[in-house]
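Have a look at the structure below before the remarks.
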2 protein chains.
Amino acid sequence: MTHLYFEDMEVGDRCTAGPYLITKSEIIQFAKQYDPVPRHIDEEAAARTIFGGLTACSANTFSIFILLTTQLQPRFHVLAGLGWDELRLPNAVRPGDELDLDMTVLEKRESKSKPDRGVLRNQIYLRNQKREAVLQCIANIFVARRPDANAPPAG
Amino acid sequence: MTHLYFEDMEVGDRCTAGPYLITKSEIIQFAKQYDPVPRHIDEEAAARTIFGGLTACSANTFSIFILLTTQLQPRFHVLAGLGWDELRLPNAVRPGDELDLDMTVLEKRESKSKPDRGVLRNQIYLRNQKREAVLQCIANIFVARRPDANAPPAG
């Protein structure tokens, strides 16, 4: 499988992944371990909240986002993540939702100190089957430059 | 247990939670589900990376951060999270690490449209037992105002 290098990616290029089906059992199990409050683990209590039913905890939604980033197509040579900006969860994730990930390159620049890499700044949307964003952020990553990018032209 | 209101919290106030002990088994189990790459799930492969051993995946670290936010002391009346800015993972989390959370109020302002709440902007650090930050971010939250805050003075 071909992996794209920094040189192969332009501002506006898109990668996608998914769908991922989230189940009630995943929502409850995850929240019991990392966010054990009634609206994420108790169906009856959740029905009485303004959400009217179980919703996934933020860490569960974030984890599905991370899983889908490992499945983005086309693939590219990620060296390291540099972090996330403006991370928001605009809508709740519910049992049975099918989530897909959409990444668009916002900016690219070569690293000043490390000639083997460039920095991509990517707009991320995780959306449900109704096309509502359930997570959005800007992800900053180091992507490898093509190994021969600095070599003199052949011949 | 007393919960603090928006009026009770000042810029510079701190809340803390932890420690949380992360085990090798948690790291591997979590990553198998949400970030199944060798450096998070295979001890031998991880030993050959620049990290020299297993490290927790970013979603695992984020989930522990969320868990500890539910345990912050002193407690306060959170109405909703508004998201996170400048989320970074400056150091790796490893098996046996003991993590604690530290939250400091950076800014506070009353909501213009909703008199029942205010917005806190908080600096967050999740640190290991060597006091190295393993996650840092700015968290924006709605906190309830004291119910009688707008009532005329008694008498």
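Letters A, B, ... go to the chains of the structure tokens in the order shown; residues in each chain start at 1; ligands are counted from 1 in the same order.
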Using only C-alpha atoms, find the residues of chain B whose closest atom to chain A is at most 12 Å away, then write them as number ranges by chain.
B: 20, 26, 30-37, 50, 57-71, 79-91, 134-141
So which bits of range 2-155 of chain B end up helix (DSSP H, G or I) when you DSSP the backbone, as a PyMOL selection string?
chain B and resi 6-8+24-34+38-41+43-47+58-69
Please save N, CA, C and O atoms of the selected residues as a tab-separated table (two decimals), in the first residue's frame.
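Result file again-v5.tsv:
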chain	number	residue	atom	x	y	z
B	6	PHE	N	-19.80	29.39	40.78
B	6	PHE	CA	-18.99	30.34	40.01
B	6	PHE	C	-18.47	31.47	40.90
B	6	PHE	O	-17.29	31.84	40.81
B	7	GLU	N	-19.34	31.98	41.78
B	7	GLU	CA	-18.95	33.11	42.65
B	7	GLU	C	-17.85	32.73	43.63
B	7	GLU	O	-17.15	33.60	44.15
B	8	ASP	N	-17.71	31.43	43.92
B	8	ASP	CA	-16.74	30.97	44.93
B	8	ASP	C	-15.35	30.78	44.34
B	8	ASP	O	-14.40	30.53	45.09
B	24	LYS	N	0.35	-1.91	32.86
B	24	LYS	CA	0.67	-2.42	31.52
B	24	LYS	C	-0.58	-3.03	30.89
B	24	LYS	O	-0.85	-2.83	29.71
B	25	SER	N	-1.34	-3.74	31.70
B	25	SER	CA	-2.52	-4.40	31.15
B	25	SER	C	-3.54	-3.37	30.65
B	25	SER	O	-4.16	-3.55	29.59
B	26	GLU	N	-3.73	-2.27	31.36
B	26	GLU	CA	-4.66	-1.23	30.88
B	26	GLU	C	-4.16	-0.65	29.55
B	26	GLU	O	-4.94	-0.48	28.62
B	27	ILE	N	-2.87	-0.34	29.49
B	27	ILE	CA	-2.30	0.26	28.27
B	27	ILE	C	-2.55	-0.63	27.06
B	27	ILE	O	-3.01	-0.17	26.00
B	28	ILE	N	-2.28	-1.94	27.22
B	28	ILE	CA	-2.43	-2.86	26.09
B	28	ILE	C	-3.90	-3.06	25.71
B	28	ILE	O	-4.27	-3.00	24.55
B	29	GLN	N	-4.74	-3.25	26.74
B	29	GLN	CA	-6.16	-3.47	26.45
B	29	GLN	C	-6.78	-2.26	25.77
B	29	GLN	O	-7.56	-2.39	24.84
B	30	PHE	N	-6.47	-1.07	26.28
B	30	PHE	CA	-7.04	0.14	25.71
B	30	PHE	C	-6.62	0.29	24.25
B	30	PHE	O	-7.44	0.53	23.36
B	31	ALA	N	-5.33	0.13	24.01
B	31	ALA	CA	-4.81	0.36	22.66
B	31	ALA	C	-5.30	-0.70	21.68
B	31	ALA	O	-5.51	-0.42	20.50
B	32	LYS	N	-5.50	-1.94	22.16
B	32	LYS	CA	-6.04	-2.96	21.25
B	32	LYS	C	-7.38	-2.53	20.68
B	32	LYS	O	-7.71	-2.83	19.54
B	33	GLN	N	-8.15	-1.79	21.49
B	33	GLN	CA	-9.48	-1.37	21.02
B	33	GLN	C	-9.43	-0.06	20.21
B	33	GLN	O	-10.19	0.08	19.25
B	34	TYR	N	-8.55	0.88	20.59
B	34	TYR	CA	-8.67	2.22	20.01
B	34	TYR	C	-7.42	2.74	19.28
B	34	TYR	O	-7.48	3.77	18.63
B	38	PRO	N	1.84	-1.34	17.03
B	38	PRO	CA	2.78	-2.15	17.85
B	38	PRO	C	3.33	-1.42	19.08
B	38	PRO	O	3.47	-2.04	20.14
B	39	ARG	N	3.64	-0.11	18.98
B	39	ARG	CA	4.30	0.53	20.13
B	39	ARG	C	3.40	0.64	21.36
B	39	ARG	O	3.87	0.93	22.46
B	40	HIS	N	2.08	0.45	21.17
B	40	HIS	CA	1.17	0.49	22.32
B	40	HIS	C	0.70	-0.89	22.78
B	40	HIS	O	0.11	-1.01	23.86
B	41	ILE	N	0.91	-1.94	21.97
B	41	ILE	CA	0.31	-3.24	22.33
B	41	ILE	C	1.31	-4.39	22.36
B	41	ILE	O	0.98	-5.46	22.85
B	43	GLU	N	5.07	-5.47	23.61
B	43	GLU	CA	6.22	-5.04	24.41
B	43	GLU	C	7.53	-5.11	23.65
B	43	GLU	O	8.38	-4.24	23.76
B	44	GLU	N	7.72	-6.20	22.88
B	44	GLU	CA	9.00	-6.36	22.18
B	44	GLU	C	9.16	-5.32	21.08
B	44	GLU	O	10.23	-4.73	20.92
B	45	ALA	N	8.09	-5.08	20.34
B	45	ALA	CA	8.16	-4.07	19.28
B	45	ALA	C	8.37	-2.69	19.90
B	45	ALA	O	9.15	-1.87	19.39
B	46	ALA	N	7.70	-2.44	21.03
B	46	ALA	CA	7.82	-1.14	21.69
B	46	ALA	C	9.24	-0.89	22.19
B	46	ALA	O	9.75	0.24	22.15
B	47	ALA	N	9.92	-1.97	22.63
B	47	ALA	CA	11.29	-1.83	23.15
B	47	ALA	C	12.25	-1.37	22.06
B	47	ALA	O	13.27	-0.75	22.34
B	58	SER	N	-2.63	7.99	23.01
B	58	SER	CA	-3.12	9.32	23.39
B	58	SER	C	-4.55	9.26	23.94
B	58	SER	O	-4.88	9.98	24.89
B	59	ALA	N	-5.38	8.40	23.37
B	59	ALA	CA	-6.78	8.33	23.84
B	59	ALA	C	-6.84	7.78	25.26
B	59	ALA	O	-7.70	8.18	26.05
B	60	ASN	N	-5.92	6.89	25.61
B	60	ASN	CA	-5.86	6.35	26.97
B	60	ASN	C	-5.49	7.48	27.96
B	60	ASN	O	-6.14	7.65	29.00
B	61	THR	N	-4.49	8.26	27.60
B	61	THR	CA	-4.08	9.38	28.46
B	61	THR	C	-5.21	10.39	28.61
B	61	THR	O	-5.51	10.86	29.71
B	62	PHE	N	-5.88	10.70	27.48
B	62	PHE	CA	-7.00	11.64	27.53
B	62	PHE	C	-8.11	11.10	28.43
B	62	PHE	O	-8.73	11.85	29.20
B	63	SER	N	-8.37	9.80	28.38
B	63	SER	CA	-9.45	9.20	29.17
B	63	SER	C	-9.15	9.28	30.66
B	63	SER	O	-10.05	9.51	31.48
B	64	ILE	N	-7.89	9.10	31.02
B	64	ILE	CA	-7.50	9.22	32.44
B	64	ILE	C	-7.66	10.67	32.89
B	64	ILE	O	-8.12	10.94	34.01
B	65	PHE	N	-7.31	11.61	32.02
B	65	PHE	CA	-7.55	13.03	32.31
B	65	PHE	C	-9.04	13.27	32.60
B	65	PHE	O	-9.41	13.90	33.62
B	66	ILE	N	-9.93	12.73	31.75
B	66	ILE	CA	-11.37	12.92	31.96
B	66	ILE	C	-11.81	12.28	33.28
B	66	ILE	O	-12.57	12.88	34.05
B	67	LEU	N	-11.33	11.07	33.55
B	67	LEU	CA	-11.69	10.41	34.81
B	67	LEU	C	-11.29	11.28	36.00
B	67	LEU	O	-12.07	11.48	36.94
B	68	LEU	N	-10.08	11.81	35.97
B	68	LEU	CA	-9.62	12.61	37.11
B	68	LEU	C	-10.38	13.94	37.22
B	68	LEU	O	-10.56	14.45	38.33
B	69	THR	N	-10.87	14.48	36.11
B	69	THR	CA	-11.67	15.72	36.23
B	69	THR	C	-12.96	15.44	37.02
B	69	THR	O	-13.49	16.35	37.66
All strand (DSSP E or B) positions in range 6-117 of chain A, as a ChimeraX atom specification:
/A:14-21,73,76,78-88,98-110,117
Here CA of Gly12 in chain B and CA of Glu98 in chain B stand apart by 24.9 Å
So how many Å separate CA of Asp97 in chain B and CA of Arg121 in chain B, to one decimal?
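CA of Arg121 in chain B lies 27.7 Å from CA of Asp97 in chain B.
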Shell of 12 Å around Ser111 in chain B, only C-alpha atoms, local chain residues under 2 positions omitted, as a list of chain:residue names:
B:Phe6, B:Lys108, B:Arg109, B:Ser113, B:Lys114, B:Pro115, B:Asp116, B:Arg117, B:Gly118, B:Val119, B:Leu120, B:Ile141, B:Phe142, B:Val143, B:Ala144, B:Arg145
Could those residues be written to a file, using all heavy atoms, as a compact mmCIF listing (two decimals), in the first residue's frame?
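Okay, this is what ended up in again-v7.txt:
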# COMPACT_ATOMS: atom_id res chain seq x y z
N PHE B 6 -19.80 29.39 40.78
CA PHE B 6 -18.99 30.34 40.01
C PHE B 6 -18.47 31.47 40.90
O PHE B 6 -17.29 31.84 40.81
CB PHE B 6 -19.86 30.89 38.87
CG PHE B 6 -19.17 31.89 37.99
CD1 PHE B 6 -18.18 31.48 37.10
CD2 PHE B 6 -19.52 33.23 38.03
CE1 PHE B 6 -17.55 32.41 36.28
CE2 PHE B 6 -18.90 34.15 37.21
CZ PHE B 6 -17.91 33.75 36.33
N LYS B 108 -12.26 34.07 34.40
CA LYS B 108 -13.67 33.80 34.64
C LYS B 108 -14.49 34.96 34.11
O LYS B 108 -14.07 36.11 34.17
CB LYS B 108 -13.96 33.53 36.13
CG LYS B 108 -13.61 34.63 37.09
CD LYS B 108 -14.00 34.29 38.54
CE LYS B 108 -15.47 34.37 38.81
NZ LYS B 108 -15.83 34.29 40.25
N ARG B 109 -15.64 34.62 33.54
CA ARG B 109 -16.54 35.68 33.08
C ARG B 109 -17.98 35.18 33.16
O ARG B 109 -18.25 33.99 32.95
CB ARG B 109 -16.20 36.14 31.66
CG ARG B 109 -16.31 35.11 30.60
CD ARG B 109 -15.96 35.67 29.22
NE ARG B 109 -15.90 34.61 28.23
CZ ARG B 109 -16.95 34.05 27.64
NH1 ARG B 109 -18.17 34.47 27.93
NH2 ARG B 109 -16.81 33.07 26.76
N SER B 113 -25.64 35.72 27.94
CA SER B 113 -27.01 35.35 27.57
C SER B 113 -27.71 34.53 28.66
O SER B 113 -28.93 34.50 28.72
CB SER B 113 -26.99 34.55 26.27
OG SER B 113 -26.12 33.44 26.39
N LYS B 114 -26.93 33.86 29.52
CA LYS B 114 -27.56 32.96 30.50
C LYS B 114 -27.15 33.34 31.92
O LYS B 114 -26.02 33.06 32.35
CB LYS B 114 -27.17 31.51 30.20
CG LYS B 114 -27.70 31.06 28.85
CD LYS B 114 -27.45 29.59 28.56
CE LYS B 114 -28.09 29.21 27.23
NZ LYS B 114 -27.67 27.91 26.73
N PRO B 115 -28.07 33.98 32.66
CA PRO B 115 -27.71 34.50 33.98
C PRO B 115 -27.45 33.42 35.03
O PRO B 115 -26.97 33.74 36.12
CB PRO B 115 -28.92 35.36 34.37
CG PRO B 115 -30.04 34.85 33.54
CD PRO B 115 -29.44 34.31 32.28
N ASP B 116 -27.75 32.15 34.69
CA ASP B 116 -27.55 31.09 35.69
C ASP B 116 -26.13 30.55 35.69
O ASP B 116 -25.82 29.63 36.44
CB ASP B 116 -28.53 29.94 35.45
CG ASP B 116 -28.26 29.20 34.13
OD1 ASP B 116 -27.64 29.79 33.21
OD2 ASP B 116 -28.66 28.02 34.03
N ARG B 117 -25.23 31.09 34.84
CA ARG B 117 -23.92 30.44 34.70
C ARG B 117 -22.79 31.42 34.36
O ARG B 117 -23.04 32.55 33.93
CB ARG B 117 -23.98 29.39 33.61
CG ARG B 117 -24.31 29.94 32.23
CD ARG B 117 -24.63 28.83 31.25
NE ARG B 117 -25.82 28.10 31.65
CZ ARG B 117 -26.30 27.02 31.04
NH1 ARG B 117 -25.67 26.51 30.00
NH2 ARG B 117 -27.39 26.43 31.46
N GLY B 118 -21.58 30.95 34.57
CA GLY B 118 -20.41 31.68 34.15
C GLY B 118 -19.47 30.74 33.43
O GLY B 118 -19.63 29.51 33.48
N VAL B 119 -18.50 31.30 32.73
CA VAL B 119 -17.52 30.50 31.99
C VAL B 119 -16.18 30.58 32.72
O VAL B 119 -15.70 31.67 33.03
CB VAL B 119 -17.33 31.02 30.55
CG1 VAL B 119 -16.29 30.19 29.81
CG2 VAL B 119 -18.65 31.02 29.80
N LEU B 120 -15.61 29.41 33.00
CA LEU B 120 -14.23 29.36 33.53
C LEU B 120 -13.31 28.83 32.43
O LEU B 120 -13.66 27.90 31.70
CB LEU B 120 -14.12 28.41 34.73
CG LEU B 120 -14.78 28.80 36.03
CD1 LEU B 120 -14.36 27.80 37.12
CD2 LEU B 120 -14.43 30.21 36.45
N ILE B 141 -15.29 25.66 30.67
CA ILE B 141 -16.50 25.04 31.23
C ILE B 141 -17.50 26.08 31.70
O ILE B 141 -17.14 27.19 32.11
CB ILE B 141 -16.17 24.10 32.42
CG1 ILE B 141 -15.32 24.82 33.48
CG2 ILE B 141 -15.47 22.84 31.95
CD1 ILE B 141 -15.12 23.98 34.73
N PHE B 142 -18.77 25.68 31.60
CA PHE B 142 -19.85 26.43 32.23
C PHE B 142 -19.97 25.97 33.68
O PHE B 142 -20.12 24.77 33.94
CB PHE B 142 -21.20 26.13 31.55
CG PHE B 142 -21.49 26.96 30.34
CD1 PHE B 142 -22.04 26.36 29.21
CD2 PHE B 142 -21.28 28.32 30.33
CE1 PHE B 142 -22.35 27.11 28.07
CE2 PHE B 142 -21.59 29.09 29.20
CZ PHE B 142 -22.12 28.48 28.08
N VAL B 143 -19.95 26.92 34.61
CA VAL B 143 -20.15 26.60 36.02
C VAL B 143 -21.37 27.38 36.51
O VAL B 143 -21.57 28.55 36.14
CB VAL B 143 -18.90 27.00 36.84
CG1 VAL B 143 -19.12 26.78 38.33
CG2 VAL B 143 -17.69 26.22 36.37
N ALA B 144 -22.20 26.72 37.31
CA ALA B 144 -23.44 27.34 37.81
C ALA B 144 -23.14 28.52 38.71
O ALA B 144 -22.22 28.47 39.53
CB ALA B 144 -24.27 26.30 38.56
N ARG B 145 -23.94 29.59 38.55
CA ARG B 145 -23.88 30.69 39.51
C ARG B 145 -24.72 30.32 40.72
O ARG B 145 -25.64 29.49 40.64
CB ARG B 145 -24.40 31.97 38.87
CG ARG B 145 -23.48 32.42 37.73
CD ARG B 145 -23.87 33.77 37.21
NE ARG B 145 -23.65 34.79 38.23
CZ ARG B 145 -23.97 36.07 38.07
NH1 ARG B 145 -24.54 36.48 36.94
NH2 ARG B 145 -23.74 36.94 39.02
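Interatomic distance, CA of Gly96 in chain B against CA of Gln129 in chain B: 9.6 Å.
Of the residues listed (B:Arg75, B:Lys112, B:His3, B:Arg48), B:Arg75 shows the shortest atom-to-atom separation from Cys15 in chain B; distances use only C-alpha atoms.
Closest to Leu72 in chain A among A:Thr2, A:Thr16, A:Asn122, A:Thr49 is A:Thr16, based on only C-alpha atoms.
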